[in-house]
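K.L.:
Below are the structure tokens for one structure; questions will follow.
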Amino acid sequence: MQARAAAIAYKKVFLDSAPPTRVLDELYGRLLLDLEQAKDGIIRKDIRAKGEALGHAHRILDELGLALNHEAAPELSENLALLYAYCGSQLISANLNMDPKPLDEAQRILAGLRDSFRKATGIAQ
């Protein structure tokens with residue numbers, strides 16, 4: 001139990017002290033990992049693993065959507081909100097149909113967003 005508490009404390013310190021660009025890059029990275037794990041769960045017919053990975057991916061997509069600043073960048077925020085919603089619908093389709101193909105589409109979009117973000121902010125790939 002102490003290891004879990006230490007991990008939670010570390011995560012809080014990281015989130016409180018990391019630059020927003022680093023946090024966003026980490027979120028995209030974890031989201032892409034979740035999609036890989038969900039695809040693996042679907043292929044192995046592991047309902048629990050699929051569900052946990054997709055649930056976590058949905059939470060990240062929700063957080064990304066909530067973090068959008070519609071006042072500062074209305075057009076960009078609206079476009080990103082639509083992309084996040086579309087990716088969310090792909091996750092639902094994959095979940096309901098036990099089909100990894102919709103996750104490939106979501107991965108393609110999200111990896112492209114991450115790459116563009118990294119280029120725009122100068123984060124090394």
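Identifiers for the structure tokens are assigned positionally: chains receive A, B, ... in sequence, residues are indexed from 1 per chain, and ligands are indexed from 1 in the order shown.
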Which polymer residues have any atom within 8 Å of an atom of Tyr28 (chain A), counting only C-alpha atoms, with same-chain residues fewer than 5 positions away left out, as an mmCIF file with N, CA and C atoms, in the first residue's frame?
P.N.:
data_model
loop_
_atom_site.group_PDB
_atom_site.id
_atom_site.type_symbol
_atom_site.label_atom_id
_atom_site.label_comp_id
_atom_site.auth_asym_id
_atom_site.auth_seq_id
_atom_site.Cartn_x
_atom_site.Cartn_y
_atom_site.Cartn_z
ATOM 1 N N LEU A 110 -5.030 10.805 -33.010
ATOM 2 C CA LEU A 110 -4.389 11.282 -31.788
ATOM 3 C C LEU A 110 -2.867 11.338 -31.917
ATOM 4 N N ALA A 111 -2.282 10.384 -32.634
ATOM 5 C CA ALA A 111 -0.836 10.430 -32.866
ATOM 6 C C ALA A 111 -0.488 11.649 -33.716
ATOM 7 N N ARG A 114 -0.652 14.659 -31.463
ATOM 8 C CA ARG A 114 0.530 14.694 -30.597
ATOM 9 C C ARG A 114 1.755 15.159 -31.372
#
K.L.:
Give me, as a Markdown table, each residue of region 22-97 of chain A that comes within 10 Å of region 115-121 of chain A, together with its shortest interatomic pair and the distance in Å at one decimal, counting only C-alpha atoms, with rows ordered by chain and rising residue number.
P.N.:
| residue | atom | partner | partner_atom | distance |
| --- | --- | --- | --- | --- |
| A:Arg22 | CA | A:Arg118 | CA | 9.6 |
| A:Leu24 | CA | A:Phe117 | CA | 8.9 |
| A:Asp25 | CA | A:Arg118 | CA | 7.5 |
| A:Tyr28 | CA | A:Asp115 | CA | 9.7 |
K.L.:
Set the distance at 8 Å and use only C-alpha atoms: which residues neighbour Glu52 (chain A) once local chain neighbours fewer than 4 positions away are removed? I'd like the list as a list in words.
P.N.:
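Final neighbour list, sorted by chain and number: Ala38, Arg48 and His56 of chain A.
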K.L.:
Using only C-alpha atoms, which residue out of A:Glu26, A:Asp46, A:Glu63, A:Asp99 lies closest to Ala85 (chain A)?
P.N.:
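Among A:Glu26, A:Asp46, A:Glu63, A:Asp99, it is A:Glu63 that comes nearest to Ala85 (chain A).
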K.L.:
Mind pulling up the distance from CA of Lys39 (chain A) to CA of Gly65 (chain A)?
P.N.:
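One can read the CA of Gly65 (chain A) to CA of Lys39 (chain A) distance as 22.9 Å.
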